[in-house]
$ cat run01.tsv   # TSV, C-alpha atoms
chain	number	residue	atom	x	y	z
A	286	MET	CA	-49.60	16.08	-25.91
A	287	LYS	CA	-49.39	15.53	-22.23
A	288	PHE	CA	-49.61	18.34	-19.79
A	289	SER	CA	-48.67	16.38	-16.75
A	290	VAL	CA	-45.14	17.84	-16.86
A	291	LYS	CA	-46.45	21.14	-15.57
A	292	SER	CA	-47.49	19.84	-12.21
A	293	GLN	CA	-44.03	18.58	-11.44
A	294	THR	CA	-42.49	22.05	-10.96
A	295	GLN	CA	-42.08	23.10	-7.39
A	296	GLN	CA	-44.68	25.56	-6.30
A	297	ASP	CA	-43.24	27.38	-3.28
A	298	ILE	CA	-40.33	29.77	-3.24
A	299	PRO	CA	-37.45	28.67	-1.03
A	300	THR	CA	-37.41	30.95	1.98
A	301	ALA	CA	-34.40	29.45	3.68
A	302	ALA	CA	-32.22	32.42	2.71
A	303	LEU	CA	-34.68	34.97	4.04
A	304	PRO	CA	-33.33	35.06	7.62
A	305	ASP	CA	-29.84	35.60	6.23
A	306	ILE	CA	-30.98	38.54	4.17
A	307	ILE	CA	-32.76	40.08	7.11
A	308	PHE	CA	-29.76	39.49	9.35
A	309	MET	CA	-27.60	41.22	6.80
A	310	LEU	CA	-29.89	44.25	6.90
A	311	LEU	CA	-29.88	44.12	10.67
A	312	PHE	CA	-26.09	44.06	10.87
A	313	PHE	CA	-25.88	46.89	8.39
A	314	PHE	CA	-28.08	49.04	10.59
A	315	MET	CA	-26.26	48.04	13.74
A	316	VAL	CA	-22.91	48.95	12.26
A	317	SER	CA	-23.86	52.12	10.43
A	318	THR	CA	-25.83	53.82	13.17
A	319	ILE	CA	-23.76	55.54	15.78
A	320	MET	CA	-25.03	55.30	19.28
A	321	ARG	CA	-25.13	58.49	21.23
A	322	GLU	CA	-22.04	58.39	23.40
A	323	THR	CA	-23.14	60.99	25.86
A	324	GLU	CA	-26.36	60.91	27.72
A	325	VAL	CA	-27.94	64.33	27.65
A	326	ARG	CA	-28.83	65.35	31.15
A	327	VAL	CA	-30.48	68.65	30.43
A	328	THR	CA	-33.92	69.38	29.04
A	329	GLN	CA	-33.90	69.66	25.28
A	330	LYS	CA	-36.97	71.30	23.85
A	331	ILE	CA	-35.26	72.91	20.93
A	332	PRO	CA	-37.07	75.67	19.05
A	333	ARG	CA	-37.77	74.80	15.44
A	334	ALA	CA	-36.50	76.71	12.46
A	335	GLU	CA	-36.91	76.62	8.73
A	336	GLN	CA	-33.69	77.79	7.09
A	337	LEU	CA	-31.53	74.88	8.10
A	338	VAL	CA	-28.16	74.03	6.64
A	339	LYS	CA	-26.46	70.70	6.99
A	340	LEU	CA	-22.88	70.46	8.12
A	341	GLN	CA	-20.63	68.29	6.01
A	342	ARG	CA	-17.99	67.11	8.46
A	343	LYS	CA	-19.42	65.30	11.45
A	344	ASP	CA	-16.08	64.80	13.16
A	345	LEU	CA	-15.39	68.52	13.30
A	346	ILE	CA	-18.31	69.32	15.56
A	347	ALA	CA	-18.12	69.84	19.30
A	348	HIS	CA	-21.43	69.61	21.07
A	349	LEU	CA	-22.71	71.82	23.83
A	350	TYR	CA	-26.06	71.14	25.44
A	351	VAL	CA	-27.73	73.90	27.37
A	352	GLY	CA	-30.92	73.50	29.34
A	353	LEU	CA	-32.43	72.98	32.72
A	354	PRO	CA	-30.97	69.96	34.53
A	355	LYS	CA	-33.23	66.92	34.38
A	356	ASP	CA	-32.11	65.91	37.84
A	357	SER	CA	-33.46	68.57	40.14
A	358	GLY	CA	-30.52	67.98	42.48
A	359	TYR	CA	-28.52	70.29	40.26
A	360	GLY	CA	-30.86	73.21	40.82
A	361	LYS	CA	-33.35	74.98	38.61
A	362	GLU	CA	-31.00	77.23	36.67
A	363	PRO	CA	-29.87	76.43	33.12
A	364	VAL	CA	-26.59	74.52	32.94
A	365	ILE	CA	-24.10	73.76	30.19
A	366	GLN	CA	-23.25	70.18	29.40
A	367	ALA	CA	-20.18	69.24	27.40
A	368	ASP	CA	-19.14	65.61	26.94
A	369	GLY	CA	-21.41	64.27	29.63
A	370	VAL	CA	-20.39	66.66	32.40
A	371	PHE	CA	-21.74	70.00	33.49
A	372	ILE	CA	-19.22	72.81	33.11
A	373	ASP	CA	-19.05	76.46	34.07
A	374	VAL	CA	-19.06	79.22	31.49
A	375	GLY	CA	-15.47	80.01	32.44
A	376	LYS	CA	-14.33	76.49	31.54
A	377	ILE	CA	-15.60	76.70	27.95
A	378	GLY	CA	-12.26	77.94	26.66
A	379	ALA	CA	-10.36	75.07	28.25
A	380	TRP	CA	-12.91	72.63	26.89
A	381	VAL	CA	-12.48	73.94	23.33
A	382	GLU	CA	-8.71	73.58	23.63
A	383	GLU	CA	-9.21	70.02	24.83
A	384	VAL	CA	-11.36	69.18	21.83
A	385	ARG	CA	-8.89	70.86	19.50
A	386	ALA	CA	-6.01	68.82	20.89
A	387	GLY	CA	-7.54	65.76	19.26
A	388	LEU	CA	-7.63	67.33	15.81
A	389	SER	CA	-4.93	67.68	13.22
A	390	GLU	CA	-3.27	71.04	12.64
A	391	GLU	CA	-5.24	72.16	9.59
A	392	GLU	CA	-8.54	71.04	11.07
A	393	LYS	CA	-8.16	73.02	14.25
A	394	ASP	CA	-9.70	76.21	12.96
A	395	GLN	CA	-12.45	74.36	11.16
A	396	LEU	CA	-14.02	73.20	14.40
A	397	THR	CA	-17.69	74.08	14.66
A	398	VAL	CA	-19.31	74.36	18.05
A	399	SER	CA	-22.86	73.11	17.99
A	400	PHE	CA	-25.44	74.52	20.35
A	401	LYS	CA	-28.41	72.47	21.41
A	402	VAL	CA	-30.33	74.80	23.58
A	403	ASP	CA	-33.65	74.45	25.34
A	404	LYS	CA	-36.11	77.17	24.45
A	405	GLU	CA	-36.53	78.17	28.09
A	406	VAL	CA	-32.92	79.31	28.32
A	407	GLN	CA	-32.33	83.04	28.36
A	408	MET	CA	-30.00	84.74	25.92
A	409	GLY	CA	-27.66	85.98	28.65
A	410	LEU	CA	-26.11	82.56	29.10
A	411	ILE	CA	-25.77	82.01	25.35
A	412	VAL	CA	-24.03	85.35	24.94
A	413	ASP	CA	-21.65	84.48	27.79
A	414	ILE	CA	-20.74	81.21	26.09
A	415	GLN	CA	-20.16	83.01	22.81
A	416	THR	CA	-17.91	85.56	24.47
A	417	GLU	CA	-15.81	82.68	25.82
A	418	LEU	CA	-15.71	81.06	22.40
A	419	ARG	CA	-14.52	84.29	20.84
A	420	LYS	CA	-11.68	84.44	23.33
A	421	VAL	CA	-10.31	81.11	22.10
A	422	ASN	CA	-11.12	81.99	18.49
A	423	ALA	CA	-13.72	79.26	18.01
A	424	ARG	CA	-15.93	81.39	15.85
A	425	LYS	CA	-17.87	78.89	13.79
A	426	ILE	CA	-21.05	77.96	15.54
A	427	ILE	CA	-24.29	76.25	14.63
A	428	TYR	CA	-27.56	76.42	16.48
A	429	GLN	CA	-28.95	72.96	15.92
A	430	SER	CA	-32.62	72.88	15.34
A	431	PRO	CA	-35.26	70.51	14.01
A	432	ARG	CA	-37.22	71.41	10.93
A	433	LYS	CA	-40.34	73.45	11.35
A	434	GLU	CA	-43.46	71.62	10.24
A	435	GLU	CA	-45.09	73.07	7.19
A	436	GLU	CA	-48.39	74.73	7.84
B	214	MET	CA	-44.04	4.62	24.25
B	215	ALA	CA	-40.35	4.75	23.50
B	216	LYS	CA	-41.19	4.79	19.79
B	217	SER	CA	-42.51	8.32	19.85
B	218	LYS	CA	-38.97	9.66	20.28
B	219	ASN	CA	-38.08	8.93	16.72
B	220	ARG	CA	-41.11	10.55	15.25
B	221	GLY	CA	-40.02	14.11	16.00
B	222	SER	CA	-38.21	15.80	13.15
B	223	GLU	CA	-34.46	16.09	13.57
B	224	GLU	CA	-34.13	19.62	12.14
B	225	VAL	CA	-34.73	22.69	14.18
B	226	ASN	CA	-37.58	24.64	12.71
B	227	ALA	CA	-35.99	27.78	11.29
B	228	GLY	CA	-39.10	29.17	9.71
B	229	SER	CA	-39.62	31.78	12.40
B	230	MET	CA	-36.02	32.95	12.24
B	231	ALA	CA	-36.94	35.55	9.64
B	232	ASP	CA	-39.67	36.90	11.89
B	233	ILE	CA	-37.29	37.19	14.82
B	234	ALA	CA	-34.73	38.97	12.68
B	235	PHE	CA	-37.43	41.27	11.33
B	236	LEU	CA	-38.48	42.12	14.84
B	237	LEU	CA	-34.91	43.04	15.77
B	238	LEU	CA	-34.53	45.04	12.58
B	239	ILE	CA	-37.68	47.01	13.20
B	240	PHE	CA	-36.62	47.62	16.78
B	241	PHE	CA	-33.34	49.12	15.58
B	242	LEU	CA	-35.03	51.14	12.87
B	243	VAL	CA	-37.41	52.68	15.36
B	244	THR	CA	-35.03	53.35	18.21
B	245	THR	CA	-31.97	54.69	16.44
B	246	GLN	CA	-31.98	58.37	15.72
B	247	ILE	CA	-29.98	59.32	12.73
B	248	ALA	CA	-27.89	62.19	14.02
B	249	THR	CA	-28.80	65.22	11.98
B	250	ASN	CA	-26.34	68.02	12.11
B	251	LYS	CA	-28.77	70.57	10.86
B	252	GLY	CA	-29.18	74.03	12.16
B	253	LEU	CA	-28.53	77.71	11.70
B	254	THR	CA	-24.89	78.54	11.21
B	255	LEU	CA	-23.29	81.74	12.36
B	256	LEU	CA	-19.79	83.15	12.35
B	257	LEU	CA	-18.91	85.01	15.51
B	258	PRO	CA	-16.88	88.23	15.28
B	259	PRO	CA	-13.19	88.01	16.15
B	260	LYS	CA	-11.99	88.51	19.69
B	261	GLN	CA	-12.54	91.96	21.01
B	262	GLU	CA	-9.50	93.70	22.44
B	263	GLU	CA	-10.47	95.19	25.74
B	264	ASP	CA	-8.33	98.31	25.64
B	265	GLU	CA	-9.48	99.57	22.27
B	266	PRO	CA	-13.19	100.19	22.05
B	267	ILE	CA	-14.50	99.70	18.55
B	268	GLU	CA	-15.48	102.97	17.03
B	269	ILE	CA	-18.71	102.75	15.19
B	270	LYS	CA	-17.94	104.39	11.92
B	271	GLN	CA	-20.82	102.78	10.09
B	272	GLN	CA	-23.53	105.16	9.18
B	273	GLN	CA	-26.84	104.54	10.83
B	274	ARG	CA	-28.61	104.00	7.54
B	275	ASN	CA	-26.36	101.02	6.82
B	276	ILE	CA	-27.36	99.24	10.01
B	277	PHE	CA	-30.64	97.41	10.34
B	278	LYS	CA	-31.27	97.32	14.04
B	279	ILE	CA	-33.30	94.63	15.74
B	280	GLN	CA	-33.62	94.84	19.49
B	281	VAL	CA	-35.35	92.41	21.80
B	282	ASN	CA	-36.20	93.15	25.40
B	283	SER	CA	-36.59	90.75	28.29
B	284	LEU	CA	-40.29	90.37	27.56
B	285	ASP	CA	-39.46	89.17	24.04
B	286	ARG	CA	-40.87	92.32	22.52
B	287	LEU	CA	-39.22	93.50	19.33
B	288	LEU	CA	-37.98	96.92	18.35
B	289	VAL	CA	-37.04	96.93	14.68
B	290	GLU	CA	-35.47	100.12	13.34
B	291	ASP	CA	-36.74	101.87	16.48
B	292	GLU	CA	-40.32	100.86	15.77
B	293	PRO	CA	-42.15	98.21	17.79
B	294	LEU	CA	-43.00	95.12	15.80
B	295	GLU	CA	-45.36	92.31	16.78
B	296	ASP	CA	-44.95	89.82	13.98
B	297	VAL	CA	-41.49	88.28	13.64
B	298	SER	CA	-42.18	87.04	10.12
B	299	GLN	CA	-42.28	90.61	8.80
B	300	ILE	CA	-38.54	90.89	9.37
B	301	ARG	CA	-37.88	88.72	6.33
B	302	ASP	CA	-39.26	91.21	3.82
B	303	MET	CA	-37.86	94.19	5.68
B	304	VAL	CA	-34.34	92.75	5.60
B	305	TYR	CA	-34.75	91.74	1.97
B	306	ASP	CA	-35.61	95.33	1.05
B	307	PHE	CA	-32.89	96.69	3.32
B	308	VAL	CA	-30.04	94.65	1.83
B	309	LEU	CA	-31.08	95.21	-1.77
B	310	ASN	CA	-31.71	98.89	-1.30
B	311	PHE	CA	-28.73	100.19	-3.35
B	312	GLY	CA	-29.22	103.73	-2.04
B	313	SER	CA	-25.85	104.91	-3.32
B	314	PRO	CA	-23.80	101.91	-4.44
B	315	SER	CA	-20.06	102.51	-4.30
B	316	GLN	CA	-17.44	101.79	-6.95
B	317	VAL	CA	-14.94	100.56	-4.38
B	318	LYS	CA	-14.12	96.90	-4.78
B	319	LYS	CA	-14.55	94.83	-1.67
B	320	GLY	CA	-14.66	91.21	-0.68
B	321	LYS	CA	-12.40	88.18	-0.69
B	322	LYS	CA	-9.03	88.45	-2.38
B	323	GLY	CA	-9.19	87.63	-6.05
B	324	ALA	CA	-12.95	87.98	-6.13
B	325	GLU	CA	-13.47	91.60	-5.29
B	326	VAL	CA	-16.60	93.20	-6.64
B	327	SER	CA	-17.98	96.66	-6.25
B	328	GLU	CA	-21.59	97.31	-5.39
B	329	VAL	CA	-22.25	98.71	-8.83
B	330	GLU	CA	-21.01	95.48	-10.37
B	331	THR	CA	-23.14	93.51	-7.97
B	332	TYR	CA	-26.16	95.48	-9.07
B	333	ASN	CA	-25.38	94.88	-12.74
B	334	SER	CA	-25.06	91.16	-12.15
B	335	LEU	CA	-28.56	90.84	-10.75
B	336	PRO	CA	-31.29	89.32	-12.93
B	337	ALA	CA	-33.69	91.71	-14.63
B	338	SER	CA	-36.62	90.88	-12.37
B	339	MET	CA	-34.67	91.90	-9.29
B	340	LYS	CA	-33.35	95.05	-10.94
B	341	SER	CA	-36.83	96.20	-11.88
B	342	TYR	CA	-38.07	95.48	-8.35
B	343	ILE	CA	-35.22	97.54	-6.92
B	344	SER	CA	-35.66	100.48	-9.27
B	345	ARG	CA	-39.40	100.52	-8.71
B	346	ASN	CA	-39.62	100.11	-4.94
B	347	LEU	CA	-36.21	100.63	-3.39
B	348	GLY	CA	-33.24	102.93	-3.69
B	349	SER	CA	-34.25	105.10	-0.77
B	350	SER	CA	-31.60	107.37	0.68
B	351	GLU	CA	-32.81	106.42	4.16
B	352	SER	CA	-31.82	102.78	3.85
B	353	SER	CA	-28.56	100.97	3.08
B	354	ASP	CA	-26.07	102.21	0.47
B	355	GLY	CA	-25.51	98.77	-0.97
B	356	PRO	CA	-25.32	95.11	0.01
B	357	ALA	CA	-21.62	95.20	0.86
B	358	SER	CA	-22.08	97.87	3.50
B	359	ALA	CA	-25.42	96.67	4.87
B	360	ILE	CA	-25.26	95.13	8.33
B	361	VAL	CA	-28.08	93.52	10.24
B	362	SER	CA	-27.57	93.93	13.95
B	363	VAL	CA	-29.43	91.84	16.50
B	364	LYS	CA	-29.26	92.97	20.07
B	365	ALA	CA	-31.00	90.65	22.45
B	366	ASP	CA	-31.43	91.46	26.11
B	367	ARG	CA	-29.91	89.02	28.56
B	368	GLY	CA	-33.38	88.11	29.72
B	369	SER	CA	-34.86	87.47	26.28
B	370	SER	CA	-35.59	83.88	25.37
B	371	TYR	CA	-33.54	81.68	23.09
B	372	GLU	CA	-36.71	80.82	21.22
B	373	ILE	CA	-37.31	84.35	19.96
B	374	PHE	CA	-33.64	84.69	19.06
B	375	ILE	CA	-33.79	81.57	16.89
B	376	SER	CA	-36.94	82.76	15.18
B	377	ILE	CA	-35.28	86.09	14.37
B	378	LEU	CA	-32.13	84.39	13.12
B	379	ASP	CA	-34.28	82.10	11.02
B	380	GLU	CA	-35.99	85.08	9.40
B	381	LEU	CA	-32.66	86.77	8.69
B	382	ASN	CA	-31.30	83.64	7.06
B	383	ALA	CA	-34.51	83.35	5.09
B	384	ALA	CA	-34.08	86.87	3.75
B	385	TYR	CA	-30.49	86.27	2.69
B	386	ASN	CA	-31.23	82.88	1.18
B	387	LYS	CA	-34.07	84.44	-0.77
B	388	ILE	CA	-31.71	87.04	-2.18
B	389	TYR	CA	-29.03	84.49	-3.02
B	390	GLY	CA	-31.52	82.08	-4.51
B	391	GLU	CA	-33.26	84.67	-6.68
B	392	ARG	CA	-29.94	85.87	-7.95
B	393	VAL	CA	-29.10	82.52	-9.51
B	394	GLY	CA	-32.66	81.52	-10.33
B	395	LEU	CA	-33.35	79.15	-7.47
B	396	THR	CA	-35.80	79.17	-4.62
B	397	ASP	CA	-34.41	79.79	-1.15
B	398	GLU	CA	-34.82	76.11	-0.35
B	399	GLU	CA	-32.94	74.98	-3.44
B	400	PHE	CA	-30.16	77.41	-2.64
B	401	ARG	CA	-29.89	76.10	0.89
B	402	LYS	CA	-29.51	72.55	-0.33
B	403	LEU	CA	-26.62	73.28	-2.68
B	404	ASN	CA	-23.87	70.81	-2.02
B	405	ARG	CA	-20.62	72.67	-1.74
B	406	ASN	CA	-18.56	69.57	-2.43
B	407	ASP	CA	-19.88	69.47	-5.97
B	408	PRO	CA	-17.82	71.92	-8.07
B	409	ARG	CA	-20.76	72.96	-10.24
B	410	GLU	CA	-23.00	73.69	-7.29
B	411	LYS	CA	-20.15	75.37	-5.46
B	412	ALA	CA	-19.69	77.75	-8.40
B	413	LEU	CA	-23.39	78.61	-8.27
B	414	TYR	CA	-23.13	79.16	-4.53
B	415	ASP	CA	-20.16	81.48	-4.91
B	416	GLU	CA	-21.82	83.36	-7.72
B	417	ALA	CA	-24.89	83.98	-5.60
B	418	ARG	CA	-22.90	85.18	-2.62
B	419	SER	CA	-20.31	87.35	-4.34
B	420	GLY	CA	-20.71	90.97	-3.37
B	421	ILE	CA	-23.52	90.28	-0.90
B	422	PRO	CA	-21.93	89.18	2.37
B	423	LYS	CA	-24.21	87.75	5.01
B	424	ALA	CA	-23.52	90.39	7.60
B	425	ILE	CA	-25.47	89.36	10.68
B	426	SER	CA	-24.02	90.86	13.80
B	427	ILE	CA	-25.03	89.69	17.24
B	428	ALA	CA	-24.43	92.70	19.41
B	429	GLU	CA	-23.48	92.14	23.01
B	430	PRO	CA	-26.25	93.08	25.34
B	431	THR	CA	-25.73	95.94	27.71
B	432	LYS	CA	-24.42	94.74	31.02
B	433	SER	CA	-27.00	94.80	33.74
B	434	ALA	CA	-25.94	96.68	36.83
B	435	GLU	CA	-24.94	94.03	39.29
$ encode --input "run01.tsv" --output "structure tokens"
Amino acid sequence: MKFSVKSQTQQDIPTAALPDIIFMLLFFFMVSTIMRETEVRVTQKIPRAEQLVKLQRKDLIAHLYVGLPKDSGYGKEPVIQADGVFIDVGKIGAWVEEVRAGLSEEEKDQLTVSFKVDKEVQMGLIVDIQTELRKVNARKIIYQSPRKEEE
Amino acid sequence: MAKSKNRGSEEVNAGSMADIAFLLLIFFLVTTQIATNKGLTLLLPPKQEEDEPIEIKQQQRNIFKIQVNSLDRLLVEDEPLEDVSQIRDMVYDFVLNFGSPSQVKKGKKGAEVSEVETYNSLPASMKSYISRNLGSSESSDGPASAIVSVKADRGSSYEIFISILDELNAAYNKIYGERVGLTDEEFRKLNRNDPREKALYDEARSGIPKAISIAEPTKSAE
């Protein structure tokens, strides 16, 4: 019996396909992750909570950011940002209607307004926004919040 | 000297391609934030007509009052409270009080239940807890009439409001979860697109509406 046959098998694994595999992963991530379209221009130190629920439909959420402006040129009072621009409390209703215009008829009342609010903001402003939302019958809201770390 | 030209290998060395791709991949993994739409949900009350002030017909015992002043101090049922986390147990006891449950059927169309039926549908452990510790005539009549009212001053911080809302949700989720034999966390994670889990969710919530009311703060004199 000769054992010399053994040594003839190739020892190393072909790695030529490795870059392709990695590129595939890379493209998957590039395609599946959505870049943030709007740059948030207010401070966002959001208070943490524990009892979080996840919303199912991402496309039925309208985002409001409330916080102190990062650029001090806009003053030191909390401002509301919607779709990249600062808006007044009084314009909230018009903004909701604008968002709703892009939705189909049966989805219009399923719109959820998401609040991302800095913890320094006082409740007065939040209540004012909610009063405006009630006027246009946008009653579903969510206070977005990161998970509280377990102690 | 001209000979050396030919010695170089013709192929481009692609061995480091994987490393470059890995680097890019890791860069994307680290920098992209997966948008999480997680938070505390709330349903606002319908629009208030200005010419007809809402008469408060609810009896005081059916309202669990939480007030916050501009210094973020709490007044719960007219008693000062320091520790926010105590609200959870207080609300739990308040909602499940069953002081005098009514026979009147309430709720969504087709799924009306009376408070007595709600009580009978509870698991034995909850029933024994209620009959032993609760049932006071000072607290709520039953879960369908119990309302938790949060009144935050205009000057109170958003942070304290979220922590209160978190506690209230915790209390309700604990009730719902216990009712169907889950923990509050398991209840929260029920996927309502799955018919089986949806049925469990509906069963837990029937007869016990999550009645959290955010009262409008009194207008400051300006």
$ axis_aligned_box --input "run01.tsv" --around "region 250-259 of chain B" --padding-each-side "8 Å" --output "lines of an AutoDock Vina configuration file"
center_x = -21.2
center_y = 78.1
center_z = 13.5
size_x = 32.0
size_y = 36.2
size_z = 21.3
$ residues_around --input "run01.tsv" --residues "region 349-353 of chain B" --least-positions-apart "3" --cutoff "12 Å" --atoms "only C-alpha atoms" --output "PyMOL selection string"
chain B and resi 271-278+290+303-315+328+343-346+356-361
$ residues_around --input "run01.tsv" --residues "Asn422 (chain A)" --least-positions-apart "3" --cutoff "7 Å" --atoms "only C-alpha atoms" --output "PDB file with C-alpha atoms, keeping the file's coordinate frame"
ATOM      1  CA  LEU A 418     -15.710  81.060  22.400  1.00  0.00           C
ATOM      2  CA  ARG A 419     -14.520  84.290  20.840  1.00  0.00           C
TER       3      ARG A 419
ATOM      4  CA  PRO B 259     -13.190  88.010  16.150  1.00  0.00           C
ATOM      5  CA  LYS B 260     -11.990  88.510  19.690  1.00  0.00           C
TER       6      LYS B 260
END
$ residues_around --input "run01.tsv" --residues "Val406 (chain A)" --least-positions-apart "4" --cutoff "8 Å" --atoms "all atoms listed in the file" --output "MDAnalysis selection string"
(chainID A and resid 351:353 363 402 410) or (chainID B and resid 370:371)
$ interface_residues --input "run01.tsv" --of "chain A" --to "chain B" --cutoff "7 Å" --atoms "all atoms listed in the file" --output "PyMOL selection string"
chain A and resi 303-304+307-308+311+318+332+334-340+404-409+419-420+422+424-430
$ atom_distance --input "run01.tsv" --atom1 "CA of Glu324 (chain A)" --atom2 "CA of Trp380 (chain A)"
17.9 Å
$ atom_distance --input "run01.tsv" --atom1 "CA of Thr396 (chain B)" --atom2 "CA of Val398 (chain A)"
28.4 Å
$ atom_distance --input "run01.tsv" --atom1 "CA of Ile377 (chain A)" --atom2 "CA of Ile425 (chain B)"
23.6 Å
$ closest_residue --input "run01.tsv" --among "A:Gln296, A:Phe313, A:Val325, A:Arg342" --to "Pro354 (chain A)" --atoms "all atoms listed in the file"
A:Val325
